[in-house]
file query_20.cif (mmCIF, C-alpha atoms)
data_final
#
loop_
_atom_site.label_atom_id
_atom_site.label_comp_id
_atom_site.auth_asym_id
_atom_site.auth_seq_id
_atom_site.Cartn_x
_atom_site.Cartn_y
_atom_site.Cartn_z
CA MET A 270 161.12 85.57 119.30
CA LEU A 271 163.73 87.95 117.84
CA ALA A 272 162.48 87.14 114.36
CA GLY A 273 159.01 88.18 115.47
CA VAL A 274 160.32 91.48 116.71
CA ALA A 275 162.14 91.98 113.45
CA ASN A 276 158.89 91.41 111.52
CA PHE A 277 156.97 93.87 113.67
CA SER A 278 159.62 96.48 113.06
CA ARG A 279 158.63 96.54 109.40
CA TRP A 280 155.19 97.96 110.25
CA PRO A 281 154.86 101.74 109.72
CA THR A 282 155.04 103.60 113.01
CA PRO A 283 151.76 105.44 113.75
CA PRO A 284 151.91 109.17 114.44
CA SER A 285 152.34 110.06 118.10
CA HIS A 286 148.83 111.53 118.38
CA LYS A 287 147.40 108.12 117.39
CA LEU A 288 149.35 106.07 119.92
CA GLN A 289 146.79 106.63 122.67
CA HIS A 290 143.93 105.63 120.30
CA LEU A 291 145.87 102.50 119.31
CA TYR A 292 146.39 101.62 122.96
CA THR A 293 142.77 102.00 123.96
CA THR A 294 141.28 100.16 120.98
CA SER A 295 143.82 97.29 121.02
CA PHE A 296 144.37 96.66 124.69
CA GLY A 297 141.30 98.09 126.47
CA MET A 298 140.35 101.27 128.25
CA PRO A 299 142.97 103.43 130.01
CA LYS A 300 143.41 102.74 133.71
CA GLN A 301 140.69 104.33 135.83
CA THR A 302 141.35 106.83 138.53
CA ALA A 303 139.90 106.21 141.99
CA GLN A 304 137.41 109.02 141.43
CA GLN A 305 136.25 107.57 138.12
CA LYS A 306 135.87 104.12 139.65
CA LYS A 307 133.83 105.52 142.53
CA ALA A 308 131.55 107.40 140.13
CA LEU A 309 130.94 104.25 138.08
CA GLU A 310 130.26 102.16 141.20
CA ASP A 311 127.71 104.72 142.38
CA PHE A 312 126.10 104.86 138.92
CA PHE A 313 125.76 101.12 138.45
CA GLY A 314 124.76 100.65 142.08
CA ALA A 315 121.92 103.16 141.84
CA LEU A 316 120.50 101.36 138.79
CA ALA A 317 120.87 97.92 140.38
CA ALA A 318 118.96 99.16 143.44
CA SER A 319 115.97 100.22 141.30
CA GLY A 320 113.41 97.42 141.10
CA ASP A 321 111.60 99.07 138.22
CA PHE A 322 114.79 99.41 136.19
CA MET A 323 115.80 95.81 136.80
CA ALA A 324 112.32 94.63 135.83
CA ALA A 325 112.56 96.61 132.58
CA LEU A 326 115.90 94.96 131.82
CA ALA A 327 114.38 91.54 132.42
CA SER A 328 111.55 92.32 129.98
CA GLY A 329 113.99 93.35 127.25
CA THR A 330 112.66 96.88 126.92
CA LEU A 331 114.26 100.15 127.97
CA GLY A 332 111.76 102.95 127.40
CA ASP A 333 111.76 106.68 128.05
CA LYS A 334 111.22 106.13 131.77
CA GLU A 335 114.30 103.90 132.07
CA LEU A 336 116.42 106.26 129.97
CA ALA A 337 115.45 109.06 132.36
CA GLN A 338 116.58 106.83 135.26
CA ILE A 339 119.93 106.21 133.56
CA GLN A 340 120.54 109.92 133.06
CA LEU A 341 119.44 110.77 136.60
CA ALA A 342 121.75 108.10 138.06
CA GLY A 343 124.61 109.36 135.90
CA GLN A 344 124.11 112.91 137.07
CA GLY A 345 123.84 111.80 140.68
CA ALA A 346 127.10 109.83 140.41
CA GLN A 347 128.75 112.82 138.68
CA LEU A 348 129.87 110.83 135.66
CA ALA A 349 132.04 112.79 133.25
CA LEU A 350 129.87 111.60 130.36
CA VAL A 351 126.30 110.60 131.20
CA PRO A 352 124.86 107.89 128.85
CA ARG A 353 122.38 109.41 126.42
CA ASP A 354 120.61 106.22 125.40
CA ALA A 355 120.47 102.47 125.96
CA LYS A 356 123.42 101.84 123.63
CA ASP A 357 125.64 104.21 125.61
CA PHE A 358 124.63 102.52 128.86
CA LEU A 359 125.36 99.01 127.55
CA ARG A 360 128.67 100.14 126.08
CA LEU A 361 129.71 101.67 129.40
CA LEU A 362 128.85 98.46 131.25
CA THR A 363 130.78 96.39 128.70
CA HIS A 364 133.90 98.54 129.17
CA HIS A 365 133.69 98.47 132.98
CA PRO A 366 132.26 95.07 134.00
CA MET A 367 134.36 94.77 137.16
CA VAL A 368 132.73 97.74 138.90
CA ALA A 369 129.13 96.75 138.14
CA PRO A 370 127.12 94.66 140.65
CA ALA A 371 126.70 91.04 139.60
CA THR A 372 122.90 91.41 139.66
CA LEU A 373 123.07 94.23 137.12
CA SER A 374 125.47 92.34 134.84
CA THR A 375 123.20 89.29 134.93
CA ALA A 376 120.13 91.41 134.21
CA VAL A 377 121.88 92.97 131.20
CA VAL A 378 122.63 89.50 129.81
CA HIS A 379 118.91 88.67 130.04
CA TYR A 380 118.06 92.06 128.52
CA LYS A 381 120.21 91.45 125.44
CA TYR A 382 118.62 88.05 124.91
CA GLN A 383 115.09 89.33 125.36
CA HIS A 384 115.74 92.46 123.30
CA LYS A 385 117.04 90.40 120.39
CA SER A 386 113.99 88.15 120.57
CA ILE A 387 111.63 91.18 120.68
CA THR A 388 113.46 92.82 117.78
CA ASN A 389 113.17 89.70 115.63
CA SER A 390 109.48 89.36 116.46
CA HIS A 391 108.89 93.05 115.71
CA ARG A 392 110.63 92.70 112.35
CA GLN A 393 108.53 89.64 111.49
CA GLN A 394 105.30 91.45 112.40
CA LYS A 395 106.21 94.40 110.18
CA ARG A 396 107.07 92.05 107.32
CA SER A 397 103.76 90.22 107.78
CA LEU A 398 101.79 93.51 107.73
CA ALA A 399 103.62 94.79 104.65
CA GLU A 400 102.96 91.53 102.79
CA ALA A 401 99.27 91.41 103.81
CA LEU A 402 98.68 94.96 102.51
CA GLY A 403 101.06 94.73 99.57
CA LEU A 404 103.05 97.75 100.77
CA LYS A 405 106.27 96.59 99.12
CA LYS A 406 104.74 96.27 95.66
CA ASP A 407 105.21 98.78 92.87
CA PRO A 408 101.93 100.24 91.52
CA CYS A 409 100.34 98.37 88.62
CA SER A 410 98.93 99.87 85.43
CA CYS A 411 95.22 99.71 84.67
CA LYS A 412 95.84 96.84 82.26
CA GLU A 413 97.77 94.92 84.89
CA LEU A 414 94.99 95.47 87.43
CA GLN A 415 92.45 94.32 84.85
CA ALA A 416 94.43 91.11 84.43
CA GLN A 417 94.15 90.65 88.20
CA GLY A 418 90.34 90.83 88.06
CA VAL A 419 89.59 94.56 88.39
CA HIS A 420 86.81 95.62 85.98
CA ILE A 421 87.51 98.41 83.50
CA ILE A 422 84.49 100.49 82.45
CA TYR A 423 84.59 103.23 79.83
CA CYS A 424 82.24 106.12 80.49
CA SER A 425 81.33 109.42 78.87
CA TRP A 426 79.76 112.65 80.15
CA SER A 427 77.01 114.70 78.61
CA ASP A 428 76.37 118.40 79.27
CA ASP A 429 72.67 118.19 78.40
CA MET A 430 71.57 115.95 81.29
CA PRO A 431 67.92 116.51 82.27
CA PHE A 432 68.69 116.78 85.98
CA LYS A 433 69.05 120.12 87.69
CA CYS A 434 72.23 121.16 89.42
CA GLY A 435 71.74 120.68 93.18
CA THR A 436 69.69 117.50 92.86
CA THR A 437 70.33 115.16 95.79
CA LEU A 438 71.23 111.63 94.74
CA VAL A 439 70.00 108.68 96.78
CA ASP A 440 70.01 104.92 96.29
CA GLN A 441 66.71 103.42 95.25
CA GLY A 442 64.84 102.22 98.32
CA ASN A 443 66.47 104.81 100.59
CA GLU A 444 64.42 107.81 99.57
CA GLY A 445 63.13 108.15 103.13
CA LEU A 446 66.64 109.10 104.28
CA VAL A 447 66.54 112.42 102.43
CA LYS A 448 63.09 113.73 103.32
CA GLY A 449 62.93 117.47 102.90
CA CYS A 450 65.79 117.52 100.38
CA GLU A 451 64.18 118.59 97.13
CA PRO A 452 64.75 117.83 94.37
CA ILE A 453 66.00 114.26 94.76
CA LEU A 454 66.94 111.60 92.24
CA ALA A 455 66.83 107.89 93.06
CA VAL A 456 69.62 106.13 91.21
CA PRO A 457 70.05 104.24 89.01
CA ALA A 458 67.44 106.31 87.21
CA ASP A 459 67.87 104.42 83.90
CA ASP A 460 70.29 102.15 82.06
CA THR A 461 72.83 104.97 81.61
CA TRP A 462 73.74 104.75 85.32
CA TYR A 463 76.15 102.18 86.70
CA VAL A 464 76.04 100.96 90.29
CA VAL A 465 79.20 99.30 91.59
CA PRO A 466 78.15 95.96 93.15
CA PRO A 467 79.11 95.35 96.80
CA GLY A 468 82.70 94.14 97.06
CA ALA A 469 83.49 94.79 93.39
CA SER A 470 86.67 96.60 92.27
CA VAL A 471 86.19 98.89 89.27
CA ILE A 472 88.22 101.48 87.35
CA PHE A 473 86.26 104.03 85.29
CA LEU A 474 88.04 105.46 82.27
CA GLY A 475 86.89 108.57 80.41
CA ALA A 476 86.55 109.04 76.69
CA GLU A 477 90.26 109.87 76.37
CA GLY A 478 91.30 106.85 78.42
CA LYS A 479 92.07 108.86 81.55
CA VAL A 480 91.16 107.49 84.94
CA GLU A 481 87.93 109.07 86.23
CA LEU A 482 87.28 106.95 89.33
CA VAL A 483 88.87 103.99 91.10
CA VAL A 484 86.97 101.67 93.47
CA LEU A 485 89.16 99.01 95.11
CA HIS A 486 87.88 96.53 97.67
CA HIS A 487 89.54 94.03 100.04
CA CYS A 488 92.87 95.88 100.28
CA CYS A 489 92.91 95.33 104.06
CA ALA A 490 90.75 92.19 104.22
CA ALA A 491 93.64 90.12 105.55
CA ARG A 492 94.04 92.40 108.59
CA PRO A 493 90.66 93.13 110.22
CA ASP A 494 92.51 94.11 113.40
CA LEU A 495 94.12 96.96 111.49
CA ILE A 496 90.72 98.19 110.28
CA ASP A 497 89.45 98.20 113.88
CA TYR A 498 92.51 100.17 115.01
CA VAL A 499 92.10 102.78 112.27
CA ASN A 500 88.42 103.22 113.14
CA GLU A 501 89.33 103.75 116.81
CA VAL A 502 91.85 106.45 115.89
CA ILE A 503 89.31 108.18 113.64
CA ALA A 504 86.62 108.08 116.35
CA LYS A 505 89.01 109.69 118.84
CA ALA A 506 90.10 112.35 116.34
CA VAL A 507 86.56 113.46 115.44
CA GLU A 508 85.67 113.57 119.14
CA ASP A 509 88.58 115.85 120.08
CA ARG A 510 88.66 118.18 117.05
CA ARG A 511 86.36 120.78 115.52
CA ASN A 512 84.17 119.91 112.56
CA CYS A 513 85.30 121.89 109.53
CA HIS A 514 81.90 121.51 107.81
CA PRO A 515 79.30 121.85 110.59
CA ASN A 516 76.48 122.41 108.06
CA HIS A 517 76.96 118.94 106.58
CA GLY A 518 75.86 115.68 108.13
CA GLY A 519 78.33 113.83 110.35
CA THR A 520 81.82 115.11 111.19
CA LEU A 521 84.82 116.01 109.05
CA VAL A 522 88.06 117.09 110.74
CA GLN A 523 91.20 118.47 109.16
CA TYR A 524 94.77 117.51 110.02
CA GLY A 525 98.30 118.54 109.01
CA TRP A 526 99.27 121.73 107.20
CA ASN A 527 96.75 124.36 106.15
CA ALA A 528 96.89 127.61 104.17
CA GLY A 529 94.39 129.32 106.45
CA PRO A 530 91.02 130.92 105.61
CA CYS A 531 90.51 132.99 102.48
CA HIS A 532 90.65 136.26 104.42
CA ALA A 533 93.90 135.33 106.25
CA CYS A 534 96.14 133.09 104.16
CA ILE A 535 98.80 131.88 106.60
CA PHE A 536 100.53 128.55 106.00
CA GLY A 537 100.81 126.59 109.22
CA LEU A 538 99.78 123.51 111.16
CA VAL A 539 96.08 123.02 111.89
CA ARG A 540 94.94 124.00 115.39
CA ASN A 541 91.47 122.55 115.86
CA ILE A 542 91.46 120.73 119.22
CA LYS A 543 88.21 121.70 120.94
CA LYS A 544 88.74 120.10 124.37
CA LYS A 545 91.42 120.47 126.99
CA ILE A 546 93.86 117.56 126.98
CA SER A 547 97.30 117.11 128.48
CA GLY A 548 100.44 117.50 126.41
CA GLU A 549 101.22 113.81 126.80
CA GLU A 550 97.76 112.76 125.61
CA ARG A 551 97.95 115.15 122.68
CA ALA A 552 101.34 113.78 121.62
CA GLU A 553 99.95 110.24 121.80
CA CYS A 554 96.92 111.18 119.67
CA ASP A 555 99.13 112.96 117.14
CA ARG A 556 101.39 109.94 116.91
CA LYS A 557 98.42 107.66 116.17
CA ILE A 558 96.87 110.04 113.61
CA LEU A 559 100.16 110.54 111.78
CA GLY A 560 100.60 106.78 111.75
CA VAL A 561 97.16 106.13 110.25
CA PHE A 562 97.67 108.77 107.55
CA ALA A 563 101.16 107.48 106.73
CA LEU A 564 99.91 103.90 106.52
CA SER A 565 97.01 104.99 104.29
CA TRP A 566 99.34 106.93 102.01
CA ASN A 567 101.80 104.06 101.65
CA LEU A 568 98.88 101.75 100.91
CA LEU A 569 97.54 104.12 98.24
CA THR A 570 100.93 104.47 96.53
CA ALA A 571 101.10 100.68 96.23
CA ALA A 572 97.44 99.92 95.38
CA LEU A 573 96.30 102.73 93.06
CA PRO A 574 96.88 102.47 89.31
CA LYS A 575 100.23 103.73 88.06
CA GLU A 576 98.34 106.22 85.85
CA VAL A 577 97.01 107.88 89.03
CA ILE A 578 99.84 107.73 91.53
CA GLU A 579 102.79 108.67 89.31
CA PRO A 580 101.45 112.07 88.17
CA THR A 581 100.27 112.72 91.72
CA LEU A 582 103.75 112.12 93.13
CA ALA A 583 105.26 114.27 90.37
CA ALA A 584 102.87 117.15 91.16
CA ILE A 585 103.66 116.96 94.89
CA ALA A 586 107.39 117.00 94.17
CA ALA A 587 107.07 119.91 91.73
CA ALA A 588 105.13 121.95 94.30
CA ASP A 589 107.82 121.21 96.92
CA LEU A 590 105.15 120.55 99.53
CA PRO A 591 106.14 119.46 103.04
CA VAL A 592 105.00 116.13 104.40
CA MET A 593 102.24 115.86 106.99
CA ALA A 594 103.28 116.91 110.48
CA SER A 595 101.92 117.84 113.90
CA GLN A 596 102.87 120.44 116.48
CA GLY A 597 105.42 118.15 118.10
CA ASN A 598 106.44 115.99 115.13
CA VAL A 599 107.83 117.52 111.93
CA GLN A 600 109.91 114.56 110.81
CA ASP A 601 109.88 113.54 107.16
CA THR A 602 109.81 109.78 107.69
CA GLY A 603 108.80 107.16 110.21
CA TYR A 604 105.51 106.30 111.87
CA GLN A 605 104.13 104.03 114.56
CA LEU A 606 101.01 101.86 114.85
CA GLN A 607 99.77 101.06 118.37
CA LEU A 608 98.21 97.68 117.53
CA PRO A 609 96.77 95.33 120.18
CA GLY A 610 99.71 92.96 119.68
CA GLY A 611 102.17 95.75 120.45
CA PRO A 612 103.49 98.86 118.70
CA LEU A 613 105.00 98.56 115.23
CA THR A 614 107.49 101.23 114.17
CA PHE A 615 108.38 101.91 110.53
CA ASN A 616 111.43 104.15 110.84
CA THR A 617 112.07 104.84 107.13
CA ALA A 618 108.51 104.87 105.70
CA GLU A 619 107.28 108.11 104.13
CA HIS A 620 104.81 110.42 105.82
CA ALA A 621 101.58 111.32 104.05
CA PRO A 622 101.23 114.52 101.96
CA PRO A 623 100.72 117.75 103.96
CA GLU A 624 96.96 117.78 104.53
CA GLY A 625 94.39 115.12 105.31
CA TYR A 626 90.84 114.64 106.60
CA MET A 627 89.14 112.15 108.88
CA SER A 628 85.38 111.70 108.88
CA GLN A 629 82.65 109.84 110.71
CA ASN A 630 79.11 109.42 109.33
CA TYR A 631 79.89 112.33 107.02
CA ASP A 632 77.68 113.22 104.07
CA ALA A 633 77.69 116.11 101.63
CA TYR A 634 75.22 117.12 98.98
CA ASN A 635 75.88 115.47 95.62
CA HIS A 636 74.54 116.36 92.23
CA PRO A 637 75.01 115.08 88.66
CA TYR A 638 77.40 117.87 87.66
#
call {"tool": "encode", "arguments": {"input": "query_20.cif", "output": "structure tokens"}}
result
Amino acid sequence: MLAGVANFSRWPTPPSHKLQHLYTTSFGMPKQTAQQKKALEDFFGALAASGDFMAALASGTLGDKELAQIQLAGQGAQLALVPRDAKDFLRLLTHHPMVAPATLSTAVVHYKYQHKSITNSHRQQKRSLAEALGLKKDPCSCKELQAQGVHIIYCSWSDDMPFKCGTTLVDQGNEGLVKGCEPILAVPADDTWYVVPPGASVIFLGAEGKVELVVLHHCCAARPDLIDYVNEVIAKAVEDRRNCHPNHGGTLVQYGWNAGPCHACIFGLVRNIKKKISGEERAECDRKILGVFALSWNLLTAALPKEVIEPTLAAIAAADLPVMASQGNVQDTGYQLQLPGGPLTFNTAEHAPPEGYMSQNYDAYNHPY
């Protein structure tokens, strides 16, 4: 025993201001005062008496409502430090298990088990979505995409086309859809026109080998539920927001940052909601729209040819443009998808570029030039 003491004496003595820290971390929390114990008993007791809070613990999810309950109970019990989040609450209970009701301690054990299970399931769902859409892949070159089955077509333009500027193009057999639009041109008009077959993926290269047009199909074929969700978000957005091209067919709405009209150039967030909605509903809609745009952007950066996406990213970086945002969300990363199977949160994924558009049944006049 004396030898042990002799060995310990060889350790360097910590500075006096660290002795208290050494005591608390090595041997537990300092002894509570009667007032502190009473405050903790009141705090834990108030939470244990809440049926809704206990039910949330049993489900493995502590949301905003439960966090508000924790803070309210902490303020009511006059805790010196009120827990700010679920981690603070769990840490406080771990440090003071003797003053917590047995029902609350048992519920927290179930919460940790359920929360771990939910977290693992959530992680697996995100991994499955990323793999189905190829979000983790680096962009391929045109040659690499060609090797994967994408057709490469070389095209050239001519300035002496016989068609007048302003001619409306329409697929052959659908001429009745553009009655009153003169002049019209049913395409393909001759063998110089190319019509992309349904479901085909094609890259058009110009005379200098630069990418003119990219048509990619089946990028989301493995997740039809995701396509349905995106369409629902778009339908809600075009219903709630003003059409920025009312003279065109269908609806086109703008979202994100905008430089303002030509007569009043002011850089700011778009304000185009045309109906009265609550702040909570607006925040929910914004969260869904930002999520759809972020998902679309991350899909594009993985699916488009390297010859397209790399110069685009370089131009965005050179212009020092902000990422897409809403009135209540100006974060640079992270988005959420409210899928039928439950919400999926991507905390570190990039937001889309500053401005985007959503459309429904939209059409604009096209012409050969």
call {"tool": "residues_around", "arguments": {"input": "query_20.cif", "residues": "segment 589-601 of chain A", "least_positions_apart": "4", "cutoff": "10 Å", "atoms": "all atoms listed in the file", "output": "list in words"}}
result
Tyr524, Gly525, Trp526, Gly537, Leu538, Val539, Arg540, Gly548, Arg551, Ala552, Asp555, Arg556, Ile558, Leu559, Phe562, Ala563, Ala583, Ala584, Ile585, Thr617, Ala618, Glu619, His620, Ala621, Pro622, Pro623, Glu624 and Gly625 of chain A
call {"tool": "residues_around", "arguments": {"input": "query_20.cif", "residues": "Cys411 of chain A", "least_positions_apart": "6", "cutoff": "8 Å", "atoms": "all atoms listed in the file", "output": "compact mmCIF listing (two decimals) with C-alpha atoms, in the coordinates of the input"}}
result
# COMPACT_ATOMS: atom_id res chain seq x y z
CA ILE A 421 87.51 98.41 83.50
CA ILE A 472 88.22 101.48 87.35
CA PRO A 574 96.88 102.47 89.31
CA LYS A 575 100.23 103.73 88.06
CA GLU A 576 98.34 106.22 85.85
call {"tool": "resolve_selection", "arguments": {"input": "query_20.cif", "expression": "the PyMOL selection byres ((chain A and resi 330) around 10)", "output": "list in words"}}
result
Phe322, Ala324, Ala325, Leu326, Ala327, Ser328, Gly329, Leu331, Gly332, Asp333, Glu335, Ala355, Tyr380, Lys381, Gln383, His384 and Ile387 of chain A
call {"tool": "write_last_selection", "arguments": {"input": "query_20.cif", "atoms": "C-alpha atoms", "output": "compact mmCIF listing (two decimals), keeping the file's coordinate frame"}}
result
# COMPACT_ATOMS: atom_id res chain seq x y z
CA PHE A 322 114.79 99.41 136.19
CA ALA A 324 112.32 94.63 135.83
CA ALA A 325 112.56 96.61 132.58
CA LEU A 326 115.90 94.96 131.82
CA ALA A 327 114.38 91.54 132.42
CA SER A 328 111.55 92.32 129.98
CA GLY A 329 113.99 93.35 127.25
CA LEU A 331 114.26 100.15 127.97
CA GLY A 332 111.76 102.95 127.40
CA ASP A 333 111.76 106.68 128.05
CA GLU A 335 114.30 103.90 132.07
CA ALA A 355 120.47 102.47 125.96
CA TYR A 380 118.06 92.06 128.52
CA LYS A 381 120.21 91.45 125.44
CA GLN A 383 115.09 89.33 125.36
CA HIS A 384 115.74 92.46 123.30
CA ILE A 387 111.63 91.18 120.68
call {"tool": "atom_distance", "arguments": {"input": "query_20.cif", "atom1": "atom CA of Ser425 of chain A", "atom2": "atom CA of Val483 of chain A"}}
result
15.4 Å
call {"tool": "residues_near_point", "arguments": {"input": "query_20.cif", "point": "(125.8, 93.9, 142.6)", "cutoff": "12 Å", "atoms": "only C-alpha atoms", "output": "list in words"}}
result
Glu310, Asp311, Phe312, Phe313, Gly314, Ala315, Leu316, Ala317, Ala318, Ser319, Met323, Pro366, Met367, Val368, Ala369, Pro370, Ala371, Thr372, Leu373, Ser374, Thr375 and Ala376 of chain A
call {"tool": "write_last_selection", "arguments": {"input": "query_20.cif", "atoms": "C-alpha atoms", "output": "compact mmCIF listing (two decimals), in the coordinates of the input"}}
result
# COMPACT_ATOMS: atom_id res chain seq x y z
CA GLU A 310 130.26 102.16 141.20
CA ASP A 311 127.71 104.72 142.38
CA PHE A 312 126.10 104.86 138.92
CA PHE A 313 125.76 101.12 138.45
CA GLY A 314 124.76 100.65 142.08
CA ALA A 315 121.92 103.16 141.84
CA LEU A 316 120.50 101.36 138.79
CA ALA A 317 120.87 97.92 140.38
CA ALA A 318 118.96 99.16 143.44
CA SER A 319 115.97 100.22 141.30
CA MET A 323 115.80 95.81 136.80
CA PRO A 366 132.26 95.07 134.00
CA MET A 367 134.36 94.77 137.16
CA VAL A 368 132.73 97.74 138.90
CA ALA A 369 129.13 96.75 138.14
CA PRO A 370 127.12 94.66 140.65
CA ALA A 371 126.70 91.04 139.60
CA THR A 372 122.90 91.41 139.66
CA LEU A 373 123.07 94.23 137.12
CA SER A 374 125.47 92.34 134.84
CA THR A 375 123.20 89.29 134.93
CA ALA A 376 120.13 91.41 134.21
call {"tool": "closest_residue", "arguments": {"input": "query_20.cif", "among": "A:Leu582, A:Gln394, A:Gln415, A:Asp321", "to": "Leu569 of chain A", "atoms": "all atoms listed in the file"}}
result
A:Leu582
call {"tool": "residues_around", "arguments": {"input": "query_20.cif", "residues": "Lys557 of chain A", "least_positions_apart": "4", "cutoff": "9 Å", "atoms": "all atoms listed in the file", "output": "PyMOL selection string"}}
result
chain A and resi 499+502+552-553+561-562+604-607
call {"tool": "residues_around", "arguments": {"input": "query_20.cif", "residues": "Leu348 of chain A", "least_positions_apart": "5", "cutoff": "8 Å", "atoms": "all atoms listed in the file", "output": "JSON, numbers by chain"}}
result
{"A": [305, 308, 309, 312, 343]}
call {"tool": "resolve_selection", "arguments": {"input": "query_20.cif", "expression": "the PyMOL selection byres ((chain A and resi 544) around 9)", "output": "list in words"}}
result
Glu508, Asp509, Arg510, Ile542, Lys543, Lys545 and Ile546 of chain A
call {"tool": "residues_around", "arguments": {"input": "query_20.cif", "residues": "Ile453 of chain A", "least_positions_apart": "5", "cutoff": "6 Å", "atoms": "all atoms listed in the file", "output": "list in words"}}
result
Thr436, Thr437 and Leu438 of chain A
call {"tool": "resolve_selection", "arguments": {"input": "query_20.cif", "expression": "the PyMOL selection byres ((chain A and resi 440-442) around 8)", "output": "NGL selection string"}}
result
:A and (438-439 or 443-445 or 455-457)
call {"tool": "closest_residue", "arguments": {"input": "query_20.cif", "among": "A:Ala458, A:Val378, A:Ala572, A:Ala399", "to": "Val419 of chain A", "atoms": "all atoms listed in the file"}}
result
A:Ala572
call {"tool": "atom_distance", "arguments": {"input": "query_20.cif", "atom1": "atom CA of Gly560 of chain A", "atom2": "atom CA of Leu402 of chain A"}}
result
15.1 Å
call {"tool": "atom_distance", "arguments": {"input": "query_20.cif", "atom1": "atom CA of Gly475 of chain A", "atom2": "atom CA of Tyr423 of chain A"}}
result
5.8 Å
call {"tool": "closest_residue", "arguments": {"input": "query_20.cif", "among": "A:Trp566, A:Phe536, A:Tyr498, A:Tyr631", "to": "Pro612 of chain A", "atoms": "only C-alpha atoms"}}
result
A:Tyr498
call {"tool": "build_atoms", "arguments": {"input": "query_20.cif", "residues": "segment 539-550 of chain A", "atoms": "N, CA, C and O atoms", "output": "compact mmCIF listing (two decimals), in the coordinates of the input"}}
result
# COMPACT_ATOMS: atom_id res chain seq x y z
N VAL A 539 97.47 122.88 111.44
CA VAL A 539 96.08 123.02 111.89
C VAL A 539 96.01 123.03 113.42
O VAL A 539 96.68 122.25 114.09
N ARG A 540 95.19 123.93 113.95
CA ARG A 540 94.94 124.00 115.39
C ARG A 540 93.42 123.91 115.59
O ARG A 540 92.73 124.91 115.53
N ASN A 541 92.92 122.72 115.79
CA ASN A 541 91.47 122.55 115.86
C ASN A 541 91.02 121.67 117.03
O ASN A 541 89.92 121.12 117.01
N ILE A 542 91.86 121.51 118.04
CA ILE A 542 91.46 120.73 119.22
C ILE A 542 90.45 121.55 120.02
O ILE A 542 90.71 122.69 120.37
N LYS A 543 89.30 120.97 120.30
CA LYS A 543 88.21 121.70 120.94
C LYS A 543 88.06 121.38 122.42
O LYS A 543 87.24 121.99 123.10
N LYS A 544 88.84 120.45 122.96
CA LYS A 544 88.74 120.10 124.37
C LYS A 544 90.12 120.15 125.00
O LYS A 544 91.15 120.00 124.32
N LYS A 545 90.15 120.36 126.28
CA LYS A 545 91.42 120.47 126.99
C LYS A 545 91.98 119.08 127.27
O LYS A 545 91.36 118.26 127.93
N ILE A 546 93.18 118.83 126.74
CA ILE A 546 93.86 117.56 126.98
C ILE A 546 95.30 117.85 127.35
O ILE A 546 95.85 118.90 127.02
N SER A 547 95.92 116.92 128.05
CA SER A 547 97.30 117.11 128.48
C SER A 547 98.25 117.03 127.29
O SER A 547 97.91 116.48 126.23
N GLY A 548 99.44 117.55 127.47
CA GLY A 548 100.44 117.50 126.41
C GLY A 548 100.82 116.08 126.05
O GLY A 548 101.02 115.76 124.87
N GLU A 549 100.88 115.21 127.05
CA GLU A 549 101.22 113.81 126.80
C GLU A 549 100.12 113.11 126.00
O GLU A 549 100.41 112.36 125.06
N GLU A 550 98.87 113.37 126.35
CA GLU A 550 97.76 112.76 125.61
C GLU A 550 97.70 113.29 124.19
O GLU A 550 97.42 112.54 123.25
